[in-house]
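Participant: After the structure tokens below, expect a handful of questions from me.
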There are 4 protein chains.
Amino acid sequence: MLPWSTDLAGRIDEQVITSELLKGNPLGDPYERPIWVYLPPGYADEPGRRYPSVYVIQGFTGFVTSWRNRSPYRQPFPETADAVFGRGEAPPAIVVYVDAWTAYGGSQFVDSPGTGRYHSYLCDEVVPWVDARYRTHAEPARRAIMGKSSGGFGAMITPMLRPDLFGALATHAGDSLYELSCLPMFGRAVRHLRDYGGDIWRWWDDFGSRPPFTKEADHDLLTLLGVAACFSADPDGTIHLPFDPRTGVLRPDIWQRWLDWDPVRMVPEHAAALRSLRGIWIDAGTRDEWFLDIGAAAVHRALAEAGVPAEVIRFELFEAGHGGIDYRYPLSLAWLCQRISA
Amino acid sequence: MLPWSTDLAGRIDEQVITSELLKGNPLGDPYERPIWVYLPPGYADEPGRRYPSVYVIQGFTGFVTSWRNRSPYRQPFPETADAVFGRGEAPPAIVVYVDAWTAYGGSQFVDSPGTGRYHSYLCDEVVPWVDARYRTHAEPARRAIMGKSSGGFGAMITPMLRPDLFGALATHAGDSLYELSCLPMFGRAVRHLRDYGGDIWRWWDDFGSRPPFTKEADHDLLTLLGVAACFSADPDGTIHLPFDPRTGVLRPDIWQRWLDWDPVRMVPEHAAALRSLRGIWIDAGTRDEWFLDIGAAAVHRALAEAGVPAEVIRFELFEAGHGGIDYRYPLSLAWLCQRISA
Amino acid sequence: MLPWSTDLAGRIDEQVITSELLKGNPLGDPYERPIWVYLPPGYADEPGRRYPSVYVIQGFTGFVTSWRNRSPYRQPFPETADAVFGRGEAPPAIVVYVDAWTAYGGSQFVDSPGTGRYHSYLCDEVVPWVDARYRTHAEPARRAIMGKSSGGFGAMITPMLRPDLFGALATHAGDSLYELSCLPMFGRAVRHLRDYGGDIWRWWDDFGSRPPFTKEADHDLLTLLGVAACFSADPDGTIHLPFDPRTGVLRPDIWQRWLDWDPVRMVPEHAAALRSLRGIWIDAGTRDEWFLDIGAAAVHRALAEAGVPAEVIRFELFEAGHGGIDYRYPLSLAWLCQRISA
Amino acid sequence: MLPWSTDLAGRIDEQVITSELLKGNPLGDPYERPIWVYLPPGYADEPGRRYPSVYVIQGFTGFVTSWRNRSPYRQPFPETADAVFGRGEAPPAIVVYVDAWTAYGGSQFVDSPGTGRYHSYLCDEVVPWVDARYRTHAEPARRAIMGKSSGGFGAMITPMLRPDLFGALATHAGDSLYELSCLPMFGRAVRHLRDYGGDIWRWWDDFGSRPPFTKEADHDLLTLLGVAACFSADPDGTIHLPFDPRTGVLRPDIWQRWLDWDPVRMVPEHAAALRSLRGIWIDAGTRDEWFLDIGAAAVHRALAEAGVPAEVIRFELFEAGHGGIDYRYPLSLAWLCQRISA
């Protein structure tokens, strides 16, 4: 009964996965994680058939049950994804909704002493867990990953690091070109931190002591802290900001650690891995508030320079900001399924 | 397991109510409606006990399953409402989550030939249905209503019209003082409609033919159309805009129909009903994008002039815009429960 | 030497006019006023020739020497106006730059006990003074008036009230359709006045005690006070705001005094005067911050309904906001000169 | 007669200086430049007295006659500067208003093959010209320089490069910390350039072919082009953008040329020059649109680290954006005059 709910053509299996790698993570976040596995229509009817798989990861502050949120006049992605298969717009695939949330808002899908081993969790625990329980084609050519924003970042870097696992990707407004996407936020953060004596931990205490997101500072500072925990934490878990919080001056060594995670900069060193992929979907809104449209263009150029063939790439900028672009996901999902089913 | 879900101290009974009054509604919207009835902790243990009840209605484009949406670092209201009772911060009450969604985004909780008989549905079907199935105190002194935005509007007007049913209310940023809340939107709408030759139905067709809310016009024009359907539809269902879509000039007779639904203007004629209430909570954010903070102040003043005693009223403006103020709801819920339990 | 200055083809005569009507004005503003009279190229060479005249009035907070202000890459209007004649783009005319500034920012070119008799000053002192000293064609068919914003308002109402003096007009983003142009400002003003206990005079004292325009409130409150002084001052000079400063509720009688000065509403009662005009130029930017594009469309419609022939009217909306549209003035000046020279 | 004009206590001598160094400049800009020399009250009465001097330079797109522009309720700086002396708030000084405008909007007060030798013009032509014609104390300890925005930048770098000429400075929202002040503009520029195929010269042609500043792109692209002409032009005049206009990727060598002109980075290498100064005034608005408040804090820190004694520095952030802060200039002027008169 729309808009309250819908019936799926396929089926979502809501499970919990117990992670060994996340046990004892520095934030004390749960190591038992929800995981949703979508099985396409016909899955039960053809018990001998194997399917390609698409891993779906989320943006900052996302967690797997966010996928249930309903916006007016729109359906959640798990429903529009189901419709792709229900209408036969793409070859059937298993779609895996992964949770990599942390108390700081996210994990960037990397291993970090500041948050936990989320990259390894995804690659070495989630993927085998899925392959063991569902009838997947387990080779990389039949496995894709997709996401938006920080999830788009994760979708770019994971196949770079693990081409043995992933053979295609889709990034929607994925984090990239950090000079443009991060530096304006650093400027705002310096101002926000004036109320906290330049100490982000004083803000963090304040954030936890009142209704969250009731101060203008909250979104920027959470993002800053969360990404710093992923990109610039020491082995002992100490988190460093990439700039002096009182003057905004970059701390070159810390900033370099961030830049080492910039997809634009990572492409050349992972050129071979990227050339092995069957499909790369890159899109973003032309007025993305984090300039990720420009980041997308920069990634696109870097891929071309790295020798990735143009026919493997689908690049598009469309009229939009950073929000409200979930209607793009079924488009990339269908495209990816074509690519990994061929 | 936070942030994915939580265990409730009480229990939510998800039901469907079949409405006779909504059958054949002009938009063809479902007449079988989801309804959630929250039963406080202890309800099952004390089978002879009766409880006051609080009806919760929603803002424009809301529908009952929206209550399940999870924002980062915040819990949905049904969970924070439960926590009010779980922590013993208020006397226990039955909380009823009502659905009055329409294809145009909402019903404003009025009877209209443009949308349907949602006021009567709420008062003459939902309330008796609840009272028949759950152990409520069925007198108005023990029944309250609350909501935000259009839901705040509904929470104001319903007790004015039916003091025999409702004895207390809470309005958060409730629609009011339409000169300030509506007119700027009319101005924007005139501009949006330039692309559609001044014809809102051409926009409506376009809206339905593409991903919704991908054009800047969408939010304003949906609100305009939706409210016009509630306030200024003819008996045959013809919907009139309160202004000339090409010049912005108000159509006085149509505009008057809107003003007749302005709580600021309704208070004097329903003074006796309002004086009978046990509690009126009014709040809004000081920088509400629809100027509803000023509307709240105007309603507050009108209540005083209508002779509503100050001790019955809780009025507050707080630092916020129109969005993200759901953390206020448990505060008003607890206050209402005190008022209708005494 | 551009951009520092330019040589004119014509000549500007900077004079001072002593006004009897402004003596003893309630604000103690000077009754000796600067006035600039532009004489077109050839004026001195043809001592027997008479010229049509165009009166140029200014927007809120403007004063005649503002015309000297230079923006980067643009020339002041007195220079671009001169170029119109220097390049022979229009029949030569005398252009009169009138000053109607007041201590509250402007006069709206009306007679008011709150500010002074600026309408009479313009019509009964400035016009005769010019006609007496310069070789004008003194009939209304050869006299036009033009302005922007409040000056556009003045340019609309003055010929309505004095068709015996003015036979053509140009309004750029002229004040009109006050529901849209004023009400959002009233909403902002209510908020600004919270810091002043709802008392605009406390703001006025504050405004005068520190660098002006260093608070966000300043622009709105000055405009509010200034226009109220023009439209809703009692005979004894007492100024009334058109709304309750604490609740935003309109005060109908005061608000009606404002509406009586709304060009959209004035057109019908001055239809005969308007039908007598030779040219009416109406334009505005499509995203004017005061919705004056919509006001322009409403005036345009009202003129048509009043029987003003379409061939007399030049109506255009162009891509712009309220600011930076001075490049439109030479266009309307040339058009007006054509109209009043024929 | 306010607000139209005012009488000065001192006197402004409007002159033209003929520059040898600007002859043949690459933009064909005039080499005869206006220059205003303000002589304080009493100058003529004490023919044997010598005075300290303060050089005033302007922000991007400023030219000396801009100083005549009048804003409502405010006086131009030459008048408020005069009032400082007229009221005896500072020891009398000669104030020199320098013009360094170029066809691209400005010169950044540097020598560049892209624009001309404006640094040398200021130091080697203007200063001697003034000293030769007016009774100045010609030692650096008695000579200061001040400006806002690009003028603040010029006021910082000129004494660094020429401590033999300038002994004090005041910078209001001076260009600095280019990561924060420039990079967001680069992002916007990439978007603006999409309409021009990534070719800034196509924009420049367009800009010159229509009313300037009627497109949103104009301000950013002019600033970009103008600053690139100053900081990253080759000896043959070829101008390089510091980023790829299609991808936003920084061009490290070109960007380094910009960074070499970042005051934050220049301070350490000019530490000795800066330690020789008698006064350094640094201020900016806390919400400067170019983050120049953070730049000011960074410069302040760099000065401390360079060993500039705290008692020489006056640092303040005040509530404001980048615009409308001219009321700060008389404050710094008075302070500078104290510093260079002692």
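Going through the structure tokens in order, the chains are called A, B, and so on, while each chain numbers its residues from 1 and the ligands are numbered from 1 in the order shown.
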What are the nearest atom pairs, with distances in Å to one decimal, for all residues of chain D that come at most 7 Å from chain A, using only C-alpha atoms, set out by chain and rising residue number as a Markdown table?
Facilitator:
```
| residue | atom | partner | partner_atom | distance |
| --- | --- | --- | --- | --- |
| D:Leu180 | CA | A:Leu183 | CA | 6.3 |
| D:Leu183 | CA | A:Leu180 | CA | 6.3 |
| D:Pro184 | CA | A:Pro184 | CA | 6.3 |
| D:Gly187 | CA | A:Leu180 | CA | 6.3 |
| D:Thr247 | CA | A:Ala298 | CA | 4.6 |
| D:Gly248 | CA | A:Ile294 | CA | 6.3 |
| D:Val249 | CA | A:Ala298 | CA | 6.6 |
| D:Phe291 | CA | A:Gly187 | CA | 6.6 |
| D:Ile294 | CA | A:Thr247 | CA | 5.7 |
| D:Ala297 | CA | A:Thr247 | CA | 5.3 |
| D:Ala298 | CA | A:Thr247 | CA | 4.6 |
```
Participant: Out of range 76-176 of chain A, which residues get strand (DSSP E) from DSSP, as a ChimeraX atom specification?
Facilitator: /A:94-97,111-112,116-117,143-148,168-172
Participant: Which polymer residues have any atom within 9 Å of an atom of Leu165 in chain B, counting only C-alpha atoms, with same-chain residues fewer than 6 positions away left out, as a list in words?
Facilitator: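 Contacts, with the query itself left out: Cys123, Val127, Ala138, Glu139, Pro140, Ala141, Arg143, Ala144, Thr158 and Pro159 of chain B.
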Participant: Name the residues in contact with Pro330 in chain D at a cut-off of 10 Å, using only C-alpha atoms, excluding same-chain residues fewer than 3 positions from it; report them as a list in words.
Facilitator: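 Returned residues: Phe77, Pro78, Glu79, Thr80, Ala81, Asp82, Ala83, Val84, Phe85, Glu89, Ala90, Asp326, Tyr327, Leu333, Ala334, Trp335 and Leu336 of chain D.
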Participant: Write out as a compact mmCIF listing (two decimals) with N, CA and C atoms, in the first residue's frame the residues lying within 8 Å of His270 in chain D, counting only C-alpha atoms and excluding same-chain residues fewer than 4 positions away.
Facilitator:
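out-v2.txt, freshly written:
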```txt
# COMPACT_ATOMS: atom_id res chain seq x y z
N MET D 160 57.22 44.33 3.65
CA MET D 160 58.13 43.17 3.71
C MET D 160 59.24 43.33 2.68
N LEU D 161 58.86 43.80 1.49
CA LEU D 161 59.82 43.92 0.40
C LEU D 161 60.65 45.20 0.51
N MET D 266 55.06 34.25 3.33
CA MET D 266 56.12 35.23 3.13
C MET D 266 56.71 35.73 4.44
N LEU D 274 59.96 42.62 8.96
CA LEU D 274 58.76 42.79 9.77
C LEU D 274 59.10 43.18 11.21
```
Participant: Pick out the residues sitting within 7 Å of Gly279 in chain B, and hand them over as JSON, numbers by chain; count only C-alpha atoms, and ignore anything fewer than 6 positions along from it in its own chain.
Facilitator: {"B": [168, 169, 312, 313, 336, 339]}
Participant: Using Å and a single decimal, report how far CA of Gly208 in chain C sits from CA of Pro76 in chain D.
Facilitator: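 So the two atoms, CA of Pro76 in chain D and CA of Gly208 in chain C, lie 17.2 Å apart.
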Participant: Taking the DSSP assignment computed from this structure's backbone, write out as number ranges by chain all residues of range 193-305 of chain B that belong to alpha helix (DSSP H).
Facilitator: B: 193-194, 200-208, 217-231, 252-259, 263-269, 271-275, 292-305
Participant: Report, in Å with one decimal, the straight-line distance from CA of Gly237 in chain D to CA of Thr223 in chain D.
Facilitator: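 These two atoms are separated by 17.4 Å.
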